[in-house]
>>> print(open('entry.cif').read())   # mmCIF, C-alpha atoms
data_input
#
loop_
_atom_site.label_atom_id
_atom_site.label_comp_id
_atom_site.auth_asym_id
_atom_site.auth_seq_id
_atom_site.Cartn_x
_atom_site.Cartn_y
_atom_site.Cartn_z
CA MET K 18 0.00 0.00 0.00
CA LYS K 19 1.31 3.44 -0.93
CA LEU K 20 2.03 6.09 1.67
CA ASP K 21 -0.66 8.73 2.06
CA ILE K 22 1.00 12.05 1.26
CA ARG K 23 -0.79 13.68 4.19
CA ASN K 24 1.54 11.69 6.46
CA LEU K 25 4.37 14.01 5.39
CA SER K 26 5.24 17.20 7.25
CA PHE K 27 6.00 20.31 5.21
CA GLU K 28 9.71 19.66 5.69
CA GLU K 29 9.32 16.06 4.51
CA LEU K 30 7.39 17.22 1.45
CA GLY K 31 10.20 19.57 0.52
CA SER K 32 12.79 16.84 1.03
CA TYR K 33 10.80 14.45 -1.16
CA PHE K 34 10.82 16.87 -4.07
CA GLU K 35 14.53 17.47 -3.69
CA SER K 36 15.08 13.70 -3.71
CA ILE K 37 13.45 13.44 -7.16
CA GLY K 38 15.39 16.37 -8.58
CA GLU K 39 12.72 19.05 -8.12
CA LYS K 40 12.70 22.29 -6.12
CA ALA K 41 11.55 22.11 -2.49
CA PHE K 42 8.93 24.84 -3.11
CA ARG K 43 6.85 22.22 -4.94
CA GLY K 44 6.02 20.85 -1.49
CA GLY K 45 4.35 24.13 -0.58
CA GLN K 46 2.31 24.00 -3.77
CA VAL K 47 1.09 20.50 -2.95
CA ALA K 48 0.24 21.52 0.62
CA GLU K 49 -1.78 24.47 -0.64
CA TRP K 50 -3.84 22.24 -2.93
CA ILE K 51 -4.54 19.73 -0.17
CA TYR K 52 -5.08 21.93 2.87
CA LYS K 53 -6.24 25.26 1.43
CA LYS K 54 -8.07 24.26 -1.74
CA GLY K 55 -9.28 20.88 -0.53
CA VAL K 56 -8.56 18.75 -3.60
CA TRP K 57 -8.66 14.95 -3.41
CA SER K 58 -6.61 14.17 -6.51
CA PHE K 59 -3.12 14.99 -7.80
CA ASP K 60 -4.66 15.56 -11.24
CA GLU K 61 -6.38 18.68 -9.85
CA MET K 62 -3.07 20.34 -8.93
CA LEU K 63 -2.96 22.37 -12.12
CA ASN K 64 0.12 24.52 -11.37
CA LEU K 65 2.28 21.37 -11.19
CA PRO K 66 3.72 20.03 -14.44
CA LYS K 67 2.01 16.86 -15.64
CA PRO K 68 5.12 14.67 -15.12
CA ILE K 69 5.23 15.71 -11.45
CA ARG K 70 1.54 14.94 -10.99
CA GLU K 71 2.06 11.54 -12.56
CA ARG K 72 5.05 10.86 -10.30
CA LEU K 73 3.04 11.84 -7.21
CA SER K 74 0.27 9.43 -8.25
CA VAL K 75 2.81 6.63 -8.46
CA ASP K 76 4.49 7.40 -5.14
CA PHE K 77 1.56 8.43 -2.92
CA ASP K 78 -2.12 8.08 -2.16
CA LEU K 79 -4.41 11.09 -1.81
CA LYS K 80 -7.95 9.89 -1.33
CA PRO K 81 -10.94 10.94 0.72
CA ASN K 82 -12.19 8.58 3.40
CA THR K 83 -15.28 6.64 2.42
CA ILE K 84 -18.28 8.18 4.14
CA ALA K 85 -20.28 5.15 5.25
CA GLU K 86 -22.97 7.25 6.88
CA LYS K 87 -23.79 10.88 7.57
CA LYS K 88 -26.45 11.94 10.06
CA ILE K 89 -27.65 15.48 10.73
CA SER K 90 -29.31 16.32 14.03
CA GLN K 91 -32.22 18.69 14.46
CA GLU K 92 -29.95 21.54 15.59
CA GLY K 93 -27.50 21.07 12.71
CA THR K 94 -24.79 18.89 14.20
CA THR K 95 -23.47 16.49 11.56
CA LYS K 96 -21.97 13.09 12.43
CA PHE K 97 -19.79 11.21 9.95
CA LEU K 98 -19.06 7.49 10.03
CA PHE K 99 -15.92 6.81 7.96
CA ASP K 100 -14.67 3.52 6.54
CA LEU K 101 -10.88 3.20 6.74
CA TYR K 102 -8.65 1.20 4.41
CA ASP K 103 -8.54 -1.88 6.70
CA THR K 104 -12.31 -2.16 7.45
CA GLU K 105 -11.99 -0.11 10.65
CA LYS K 106 -14.51 2.67 11.20
CA ILE K 107 -14.28 6.00 13.01
CA GLU K 108 -16.67 8.85 13.74
CA SER K 109 -16.21 12.61 13.48
CA VAL K 110 -18.63 15.44 14.21
CA LEU K 111 -19.27 18.93 12.85
CA ILE K 112 -20.74 21.14 15.58
CA PRO K 113 -22.06 24.56 14.51
CA THR K 114 -23.02 27.19 17.10
CA ALA K 115 -23.82 30.88 16.94
CA THR K 116 -20.18 31.85 17.51
CA ARG K 117 -18.03 29.02 16.12
CA THR K 118 -17.91 25.90 13.97
CA THR K 119 -16.10 23.00 15.60
CA ALA K 120 -14.76 19.69 14.32
CA CYS K 121 -14.68 16.86 16.88
CA ILE K 122 -11.98 14.47 15.68
CA SER K 123 -11.04 10.86 16.54
CA THR K 124 -7.42 9.82 17.12
CA GLN K 125 -7.70 6.03 17.47
CA ALA K 126 -9.77 3.20 16.03
CA GLY K 127 -11.56 2.35 19.24
CA CYS K 128 -10.48 3.17 22.78
CA LYS K 129 -8.58 1.05 25.29
CA PHE K 130 -9.59 3.00 28.38
CA GLY K 131 -13.11 1.68 28.96
CA CYS K 132 -14.66 4.56 30.93
CA LYS K 133 -17.90 3.34 32.50
CA PHE K 134 -20.14 5.98 30.93
CA CYS K 135 -18.73 6.27 27.40
CA ALA K 136 -19.68 4.31 24.28
CA SER K 137 -16.29 4.74 22.60
CA GLY K 138 -14.56 2.00 24.59
CA ILE K 139 -17.32 -0.60 24.44
CA GLY K 140 -16.13 -2.12 21.17
CA GLY K 141 -12.50 -2.31 22.28
CA TRP K 142 -9.40 -0.91 20.58
CA SER K 143 -7.55 -1.81 17.39
CA ARG K 144 -4.91 0.78 16.51
CA ASN K 145 -3.75 4.35 16.39
CA LEU K 146 -4.83 6.51 13.49
CA THR K 147 -2.10 7.82 11.20
CA CYS K 148 -1.40 11.53 10.82
CA ALA K 149 -3.14 11.32 7.43
CA GLU K 150 -6.25 9.68 8.91
CA ILE K 151 -6.50 12.43 11.51
CA LEU K 152 -6.05 15.18 8.91
CA THR K 153 -8.49 13.60 6.47
CA GLN K 154 -11.27 13.82 9.05
CA VAL K 155 -10.57 17.51 9.48
CA LEU K 156 -10.62 18.05 5.71
CA HIS K 157 -13.97 16.29 5.34
CA VAL K 158 -15.53 18.31 8.16
CA LYS K 159 -14.03 21.52 6.75
CA GLU K 160 -15.56 20.70 3.36
CA GLU K 161 -18.96 20.12 4.96
CA SER K 162 -18.73 23.38 6.93
CA LEU K 163 -18.06 25.34 3.73
CA LYS K 164 -21.14 23.81 2.10
CA HIS K 165 -23.15 25.53 4.85
CA LYS K 166 -21.11 28.74 4.56
CA ARG K 167 -19.85 28.22 8.13
CA PRO K 168 -16.03 28.11 7.90
CA LEU K 169 -14.32 25.80 10.37
CA THR K 170 -12.96 27.72 13.38
CA ASN K 171 -12.15 25.16 16.10
CA ILE K 172 -10.79 21.64 16.46
CA VAL K 173 -11.38 19.44 19.50
CA PHE K 174 -9.70 16.07 19.82
CA MET K 175 -12.57 14.54 21.75
CA GLY K 176 -13.74 11.82 19.36
CA THR K 177 -13.00 8.11 19.65
CA GLY K 178 -9.74 7.22 21.36
CA GLU K 179 -7.26 8.88 23.72
CA PRO K 180 -5.32 11.61 21.89
CA LEU K 181 -2.22 11.52 24.08
CA ASP K 182 -1.95 7.76 23.60
CA ASN K 183 -1.22 8.56 19.92
CA PHE K 184 1.11 11.43 20.74
CA ASP K 185 3.46 11.53 17.74
CA ASN K 186 0.81 11.24 15.02
CA LEU K 187 -1.43 13.68 16.88
CA PHE K 188 1.21 16.40 17.07
CA LYS K 189 2.35 15.91 13.51
CA ALA K 190 -1.26 16.51 12.48
CA ILE K 191 -1.68 19.46 14.85
CA ARG K 192 1.34 21.27 13.42
CA ILE K 193 -0.18 21.00 9.94
CA ILE K 194 -3.60 22.07 11.21
CA ASN K 195 -2.05 25.06 13.00
CA ASP K 196 0.39 26.18 10.30
CA PRO K 197 -0.77 29.08 8.07
CA LYS K 198 0.51 27.03 5.11
CA GLY K 199 -1.76 24.20 6.21
CA ILE K 200 -5.32 24.38 7.49
CA GLY K 201 -4.52 27.51 9.48
CA ILE K 202 -6.48 26.98 12.71
CA GLY K 203 -4.98 29.02 15.57
CA ALA K 204 -3.44 27.06 18.44
CA ARG K 205 -5.84 28.56 20.96
CA HIS K 206 -8.69 27.15 18.87
CA ILE K 207 -7.34 23.59 19.17
CA THR K 208 -8.21 21.51 22.24
CA ILE K 209 -6.78 18.16 23.33
CA SER K 210 -8.83 16.13 25.76
CA THR K 211 -7.17 13.41 27.82
CA VAL K 212 -8.30 10.89 30.42
CA GLY K 213 -5.17 11.83 32.36
CA LEU K 214 -1.98 10.22 31.04
CA VAL K 215 0.36 11.94 33.46
CA PRO K 216 3.69 11.49 31.59
CA LYS K 217 2.12 12.73 28.35
CA ILE K 218 0.65 15.78 30.08
CA LYS K 219 4.19 16.64 31.20
CA GLU K 220 5.46 16.10 27.65
CA LEU K 221 2.64 18.25 26.30
CA ALA K 222 3.86 21.16 28.42
CA LYS K 223 7.13 21.11 26.44
CA GLN K 224 5.57 21.39 22.97
CA ASN K 225 5.62 25.20 22.82
CA LEU K 226 2.11 25.37 21.39
CA GLN K 227 -0.63 27.46 22.97
CA ILE K 228 -3.20 24.74 22.54
CA GLU K 229 -5.96 24.16 25.07
CA LEU K 230 -5.81 21.21 27.46
CA ALA K 231 -8.99 19.55 28.70
CA ILE K 232 -8.81 16.90 31.42
CA SER K 233 -11.56 14.28 31.45
CA LEU K 234 -11.74 14.23 35.23
CA HIS K 235 -15.23 12.79 35.81
CA GLY K 236 -14.50 11.92 39.41
CA PHE K 237 -13.90 13.99 42.52
CA ASP K 238 -11.44 11.77 44.39
CA ASN K 239 -9.56 8.53 44.01
CA ASP K 240 -12.46 6.25 44.91
CA SER K 241 -15.03 7.92 42.69
CA ARG K 242 -12.68 8.02 39.71
CA ASN K 243 -11.79 4.36 40.20
CA VAL K 244 -15.45 3.48 39.74
CA LEU K 245 -15.79 5.30 36.42
CA MET K 246 -12.29 5.33 34.88
CA PRO K 247 -9.97 2.29 34.91
CA VAL K 248 -7.03 4.54 33.96
CA ASN K 249 -7.13 5.84 37.54
CA ARG K 250 -5.47 2.58 38.62
CA LYS K 251 -2.36 3.67 36.71
CA TYR K 252 -2.55 7.43 37.29
CA PRO K 253 -4.48 8.10 40.51
CA PHE K 254 -6.54 11.21 41.10
CA ASP K 255 -4.01 13.03 43.31
CA GLU K 256 -1.13 12.32 40.90
CA LEU K 257 -3.21 13.68 38.01
CA ILE K 258 -4.11 16.84 39.93
CA ASP K 259 -0.43 17.40 40.78
CA ALA K 260 0.46 17.03 37.08
CA CYS K 261 -2.20 19.58 36.19
CA ARG K 262 -0.82 22.00 38.76
CA GLU K 263 2.68 21.58 37.25
CA TYR K 264 1.31 22.02 33.73
CA GLY K 265 -0.36 25.27 34.68
CA LYS K 266 2.80 26.64 36.26
CA ALA K 267 4.94 25.66 33.25
CA THR K 268 2.62 26.97 30.52
CA LYS K 269 0.65 29.73 32.28
CA ARG K 270 -2.37 28.23 30.49
CA GLN K 271 -5.81 27.66 31.97
CA ILE K 272 -6.90 24.03 32.18
CA THR K 273 -10.45 22.88 31.47
CA PHE K 274 -11.74 20.06 33.63
CA GLU K 275 -14.51 18.04 32.00
CA TYR K 276 -16.87 16.51 34.49
CA ILE K 277 -19.71 14.14 33.72
CA MET K 278 -22.88 14.84 35.70
CA ILE K 279 -24.33 11.49 36.82
CA LYS K 280 -27.17 11.46 39.29
CA ASP K 281 -26.13 10.29 42.78
CA VAL K 282 -22.63 9.42 41.51
CA THR K 283 -20.75 12.60 40.60
CA CYS K 284 -23.36 15.26 41.33
CA THR K 285 -23.18 15.14 45.14
CA ASP K 286 -22.33 17.25 48.17
CA LYS K 287 -19.22 15.12 48.79
CA ALA K 288 -17.98 15.98 45.30
CA ILE K 289 -18.21 19.71 45.97
CA VAL K 290 -16.05 19.45 49.10
CA SER K 291 -13.43 17.30 47.38
CA LEU K 292 -13.19 19.43 44.21
CA LYS K 293 -12.78 22.60 46.25
CA LYS K 294 -9.70 21.09 47.88
CA ALA K 295 -8.30 19.58 44.64
CA PHE K 296 -8.50 22.76 42.56
CA ARG K 297 -6.77 25.00 45.07
CA GLY K 298 -3.98 26.88 43.26
CA ILE K 299 -4.93 25.75 39.75
CA ILE K 300 -6.10 28.22 37.09
CA CYS K 301 -9.02 26.32 35.66
CA LYS K 302 -12.60 26.20 34.54
CA MET K 303 -15.09 23.34 34.49
CA ASN K 304 -17.27 21.99 31.74
CA LEU K 305 -20.16 20.21 33.42
CA ILE K 306 -21.48 17.60 31.00
CA PRO K 307 -24.96 16.19 31.56
CA TYR K 308 -24.74 12.43 31.19
CA ASN K 309 -25.83 11.41 27.70
CA PRO K 310 -27.57 8.02 27.70
CA VAL K 311 -25.59 5.00 26.52
CA SER K 312 -27.65 1.81 26.45
CA GLU K 313 -24.93 -0.37 28.01
CA PHE K 314 -24.78 1.73 31.19
CA GLY K 315 -27.51 2.27 33.75
CA HIS K 316 -26.65 5.83 34.77
CA LYS K 317 -29.19 8.63 35.06
CA THR K 318 -28.89 12.33 34.29
CA PRO K 319 -29.46 14.71 37.23
CA SER K 320 -32.34 17.15 37.07
CA ARG K 321 -31.71 20.65 35.76
CA GLU K 322 -32.14 21.98 39.28
CA GLU K 323 -29.52 19.58 40.69
CA MET K 324 -27.00 20.54 38.01
CA LEU K 325 -27.57 24.27 38.49
CA SER K 326 -27.11 23.90 42.24
CA PHE K 327 -23.85 21.99 41.68
CA LYS K 328 -22.61 24.67 39.28
CA ASN K 329 -23.48 27.51 41.63
CA ARG K 330 -21.69 25.89 44.56
CA LEU K 331 -18.55 25.42 42.46
CA GLU K 332 -18.59 29.09 41.56
CA GLU K 333 -18.94 30.05 45.22
CA PHE K 334 -15.35 28.88 45.79
CA GLY K 335 -14.05 30.60 42.66
CA VAL K 336 -14.22 27.95 39.91
CA HIS K 337 -15.90 29.18 36.75
CA ALA K 338 -18.25 26.43 35.60
CA THR K 339 -20.61 26.04 32.65
CA ILE K 340 -23.17 23.37 31.92
CA ARG K 341 -22.52 22.12 28.40
CA THR K 342 -25.56 22.00 26.15
CA PRO K 343 -25.69 18.56 24.50
CA ARG K 344 -25.25 18.75 20.72
CA GLY K 345 -26.28 15.97 18.34
CA LYS K 346 -27.88 13.84 21.02
CA ASP K 347 -30.63 12.70 18.65
CA VAL K 348 -28.06 11.17 16.27
CA ASN K 349 -25.78 9.76 19.05
CA ALA K 350 -23.17 12.43 18.36
CA ALA K 351 -23.11 13.97 21.85
CA CYS K 352 -20.29 13.65 24.37
CA GLY K 353 -19.77 10.00 25.32
CA GLN K 354 -21.93 8.63 22.52
CA LEU K 355 -19.38 8.18 19.71
CA ARG K 356 -18.63 4.55 19.00
CA HIS K 357 -16.02 2.44 17.31
CA SER K 358 -18.64 0.95 15.03
CA ALA K 359 -18.51 -2.42 13.27
CA MET K 360 -14.95 -3.20 14.35
CA SER K 361 -13.16 -6.11 12.76
CA GLU K 362 -13.69 -9.00 15.17
CA LYS K 363 -10.25 -10.50 14.54
CA ASN K 364 -8.42 -7.30 15.48
CA LYS K 365 -10.34 -5.73 18.32
CA MET K 366 -9.05 -5.80 21.86
CA THR K 367 -11.16 -5.08 24.90
CA PRO K 368 -9.79 -2.97 27.76
CA ASN K 369 -9.30 -6.11 29.89
CA GLU K 370 -7.24 -7.80 27.15
CA ILE K 371 -4.90 -4.91 26.41
CA GLN K 372 -1.45 -5.31 27.92
CA SER K 373 0.20 -1.90 28.02
CA ASP K 374 1.93 0.56 30.26
CA VAL K 375 -1.28 2.57 30.46
CA ILE K 376 -3.85 0.24 32.01
#
>>> encode(input="entry.cif", output="structure tokens")
Amino acid sequence: MKLDIRNLSFEELGSYFESIGEKAFRGGQVAEWIYKKGVWSFDEMLNLPKPIRERLSVDFDLKPNTIAEKKISQEGTTKFLFDLYDTEKIESVLIPTATRTTACISTQAGCKFGCKFCASGIGGWSRNLTCAEILTQVLHVKEESLKHKRPLTNIVFMGTGEPLDNFDNLFKAIRIINDPKGIGIGARHITISTVGLVPKIKELAKQNLQIELAISLHGFDNDSRNVLMPVNRKYPFDELIDACREYGKATKRQITFEYIMIKDVTCTDKAIVSLKKAFRGIICKMNLIPYNPVSEFGHKTPSREEMLSFKNRLEEFGVHATIRTPRGKDVNAACGQLRHSAMSEKNKMTPNEIQSDVI
């Protein structure tokens, strides 16, 4: 199978052209066609001589993902189900609001972390996505946004999989997304969400990018997080909070804590007391996420009154909190509802079967 050209950085594109006796600037021309003009074929790159286009077609692939399914919710959220080259499937979401248009992007085929409220880990995990597979999702969502005359403004890596578990491919893609020669999305409009891989959070602080970090906290102490998130066995609550405190000091960036609101589990008086202690000295805000139903779990969503009371009590001790409005819930595109659909049975691994340094 040929290499997808979107796996190449700008520097690697330039080096490729030099290796075939061409000028490095040809790499910039190719990047412009792919990331600015959104073409899906080398034949469309009309400012390249025909022999170069033919050589590119021999050496590389440049294809769209196959869209197996596209669903549009009542409020305009669009969910894509993509077929990958090896029968794996991933989901991505276009989320339009009054002030921004966001792409929610997957980074792995499946998820190995098995959080006990999220559909993404139910089918198990197969593999990391390549840089090209990450970028191709963004290009499809960008194309859809332009059809609706709503240019893409934000990227959130909150789809299927754990972004920091695919660190190298993720950051190769992010640098192309962020670069003005690439897709051109500002770093502060790119958010990485993580279940709390402590060593990778420390590595993230060294990347010299002003991207946003979101921590999928979802518990208020060690015991509560153990119930919902198996990763807490490897990186306990207190260790994660310490890493967040160090990250904030190193980057001077605000951290967003994402917190699932489950009736009688996370939305409790005990949680308020514990979070007040944990967040002391951290510049942060909280996204309170009403639990979105997943058929395999028996959780319930708190009432609106319970969630508002929880939010108000957080703000009393100085933590800015917002209750996230579910988007795409009617097409299973809301937070926690994306799945690794129709996974190849021979390849999938469940969280209990995965032997790694993470779980």
>>> atom_distance(input="entry.cif", atom1="atom CA of Ile112 of chain K", atom2="atom CA of Leu169 of chain K")
9.5 Å
>>> residues_near_point(input="entry.cif", point="(-16.6, 24.4, 13.9)", cutoff="12 Å", atoms="only C-alpha atoms", output="PyMOL selection string")
chain K and resi 93-95+109-122+155-156+158-163+165-173+202+206-207
>>> closest_residue(input="entry.cif", among="K:Leu230, K:Val311, K:Val212, K:Ile151", to="Lys129 of chain K", atoms="all atoms listed in the file")
K:Val212
>>> residues_around(input="entry.cif", residues="Leu63 of chain K", least_positions_apart="5", cutoff="12 Å", atoms="only C-alpha atoms", output="mmCIF file with C-alpha atoms, keeping the file's coordinate frame")
data_model
loop_
_atom_site.group_PDB
_atom_site.id
_atom_site.type_symbol
_atom_site.label_atom_id
_atom_site.label_comp_id
_atom_site.auth_asym_id
_atom_site.auth_seq_id
_atom_site.Cartn_x
_atom_site.Cartn_y
_atom_site.Cartn_z
ATOM 1 C CA GLN K 46 2.310 24.000 -3.770
ATOM 2 C CA VAL K 47 1.090 20.500 -2.950
ATOM 3 C CA GLU K 49 -1.780 24.470 -0.640
ATOM 4 C CA TRP K 50 -3.840 22.240 -2.930
ATOM 5 C CA LYS K 54 -8.070 24.260 -1.740
ATOM 6 C CA VAL K 56 -8.560 18.750 -3.600
ATOM 7 C CA SER K 58 -6.610 14.170 -6.510
ATOM 8 C CA PRO K 68 5.120 14.670 -15.120
ATOM 9 C CA ILE K 69 5.230 15.710 -11.450
ATOM 10 C CA ARG K 70 1.540 14.940 -10.990
ATOM 11 C CA GLU K 71 2.060 11.540 -12.560
#
>>> atom_distance(input="entry.cif", atom1="atom CA of Asp103 of chain K", atom2="atom CA of Ser137 of chain K")
18.9 Å
>>> residues_near_point(input="entry.cif", point="(-17.0, 6.9, 7.0)", cutoff="8 Å", atoms="all atoms listed in the file", output="list in words")
Asn82, Thr83, Ile84, Ala85, Glu86, Lys87, Phe97, Leu98, Phe99, Asp100, Leu101, Lys106, Ile107 and Glu108 of chain K
>>> atom_distance(input="entry.cif", atom1="atom CA of Glu29 of chain K", atom2="atom CA of Gly44 of chain K")
8.4 Å
>>> decode(input="entry.cif", residues="segment 141-209 of chain K", atoms="C-alpha atoms", output="PDB file, in the first residue's frame")
ATOM      1  CA  GLY K 141     -12.501  -2.306  22.284  1.00  0.00           C
ATOM      2  CA  TRP K 142      -9.400  -0.906  20.584  1.00  0.00           C
ATOM      3  CA  SER K 143      -7.553  -1.808  17.386  1.00  0.00           C
ATOM      4  CA  ARG K 144      -4.913   0.777  16.509  1.00  0.00           C
ATOM      5  CA  ASN K 145      -3.754   4.354  16.386  1.00  0.00           C
ATOM      6  CA  LEU K 146      -4.828   6.515  13.485  1.00  0.00           C
ATOM      7  CA  THR K 147      -2.101   7.823  11.205  1.00  0.00           C
ATOM      8  CA  CYS K 148      -1.401  11.527  10.820  1.00  0.00           C
ATOM      9  CA  ALA K 149      -3.143  11.321   7.434  1.00  0.00           C
ATOM     10  CA  GLU K 150      -6.250   9.676   8.906  1.00  0.00           C
ATOM     11  CA  ILE K 151      -6.500  12.434  11.513  1.00  0.00           C
ATOM     12  CA  LEU K 152      -6.049  15.183   8.913  1.00  0.00           C
ATOM     13  CA  THR K 153      -8.488  13.604   6.468  1.00  0.00           C
ATOM     14  CA  GLN K 154     -11.267  13.818   9.052  1.00  0.00           C
ATOM     15  CA  VAL K 155     -10.571  17.514   9.476  1.00  0.00           C
ATOM     16  CA  LEU K 156     -10.618  18.054   5.710  1.00  0.00           C
ATOM     17  CA  HIS K 157     -13.970  16.292   5.339  1.00  0.00           C
ATOM     18  CA  VAL K 158     -15.528  18.311   8.161  1.00  0.00           C
ATOM     19  CA  LYS K 159     -14.029  21.517   6.752  1.00  0.00           C
ATOM     20  CA  GLU K 160     -15.562  20.700   3.359  1.00  0.00           C
ATOM     21  CA  GLU K 161     -18.961  20.125   4.962  1.00  0.00           C
ATOM     22  CA  SER K 162     -18.734  23.381   6.926  1.00  0.00           C
ATOM     23  CA  LEU K 163     -18.057  25.345   3.725  1.00  0.00           C
ATOM     24  CA  LYS K 164     -21.142  23.814   2.105  1.00  0.00           C
ATOM     25  CA  HIS K 165     -23.149  25.528   4.849  1.00  0.00           C
ATOM     26  CA  LYS K 166     -21.109  28.739   4.558  1.00  0.00           C
ATOM     27  CA  ARG K 167     -19.850  28.224   8.130  1.00  0.00           C
ATOM     28  CA  PRO K 168     -16.031  28.114   7.905  1.00  0.00           C
ATOM     29  CA  LEU K 169     -14.320  25.803  10.366  1.00  0.00           C
ATOM     30  CA  THR K 170     -12.955  27.723  13.378  1.00  0.00           C
ATOM     31  CA  ASN K 171     -12.155  25.165  16.097  1.00  0.00           C
ATOM     32  CA  ILE K 172     -10.790  21.641  16.460  1.00  0.00           C
ATOM     33  CA  VAL K 173     -11.382  19.437  19.503  1.00  0.00           C
ATOM     34  CA  PHE K 174      -9.703  16.068  19.820  1.00  0.00           C
ATOM     35  CA  MET K 175     -12.568  14.537  21.751  1.00  0.00           C
ATOM     36  CA  GLY K 176     -13.736  11.822  19.355  1.00  0.00           C
ATOM     37  CA  THR K 177     -13.002   8.112  19.645  1.00  0.00           C
ATOM     38  CA  GLY K 178      -9.737   7.223  21.363  1.00  0.00           C
ATOM     39  CA  GLU K 179      -7.262   8.876  23.720  1.00  0.00           C
ATOM     40  CA  PRO K 180      -5.319  11.612  21.889  1.00  0.00           C
ATOM     41  CA  LEU K 181      -2.215  11.524  24.081  1.00  0.00           C
ATOM     42  CA  ASP K 182      -1.946   7.759  23.599  1.00  0.00           C
ATOM     43  CA  ASN K 183      -1.218   8.563  19.924  1.00  0.00           C
ATOM     44  CA  PHE K 184       1.113  11.430  20.743  1.00  0.00           C
ATOM     45  CA  ASP K 185       3.461  11.530  17.739  1.00  0.00           C
ATOM     46  CA  ASN K 186       0.807  11.237  15.019  1.00  0.00           C
ATOM     47  CA  LEU K 187      -1.427  13.675  16.882  1.00  0.00           C
ATOM     48  CA  PHE K 188       1.206  16.403  17.072  1.00  0.00           C
ATOM     49  CA  LYS K 189       2.353  15.908  13.514  1.00  0.00           C
ATOM     50  CA  ALA K 190      -1.261  16.511  12.479  1.00  0.00           C
ATOM     51  CA  ILE K 191      -1.684  19.464  14.850  1.00  0.00           C
ATOM     52  CA  ARG K 192       1.336  21.271  13.420  1.00  0.00           C
ATOM     53  CA  ILE K 193      -0.179  20.996   9.936  1.00  0.00           C
ATOM     54  CA  ILE K 194      -3.597  22.070  11.213  1.00  0.00           C
ATOM     55  CA  ASN K 195      -2.048  25.055  13.000  1.00  0.00           C
ATOM     56  CA  ASP K 196       0.393  26.180  10.305  1.00  0.00           C
ATOM     57  CA  PRO K 197      -0.768  29.080   8.075  1.00  0.00           C
ATOM     58  CA  LYS K 198       0.510  27.034   5.106  1.00  0.00           C
ATOM     59  CA  GLY K 199      -1.757  24.198   6.212  1.00  0.00           C
ATOM     60  CA  ILE K 200      -5.321  24.376   7.488  1.00  0.00           C
ATOM     61  CA  GLY K 201      -4.518  27.513   9.482  1.00  0.00           C
ATOM     62  CA  ILE K 202      -6.478  26.975  12.714  1.00  0.00           C
ATOM     63  CA  GLY K 203      -4.984  29.024  15.570  1.00  0.00           C
ATOM     64  CA  ALA K 204      -3.436  27.055  18.440  1.00  0.00           C
ATOM     65  CA  ARG K 205      -5.842  28.561  20.957  1.00  0.00           C
ATOM     66  CA  HIS K 206      -8.687  27.148  18.873  1.00  0.00           C
ATOM     67  CA  ILE K 207      -7.340  23.589  19.170  1.00  0.00           C
ATOM     68  CA  THR K 208      -8.213  21.512  22.241  1.00  0.00           C
ATOM     69  CA  ILE K 209      -6.777  18.163  23.325  1.00  0.00           C
TER      70      ILE K 209
END
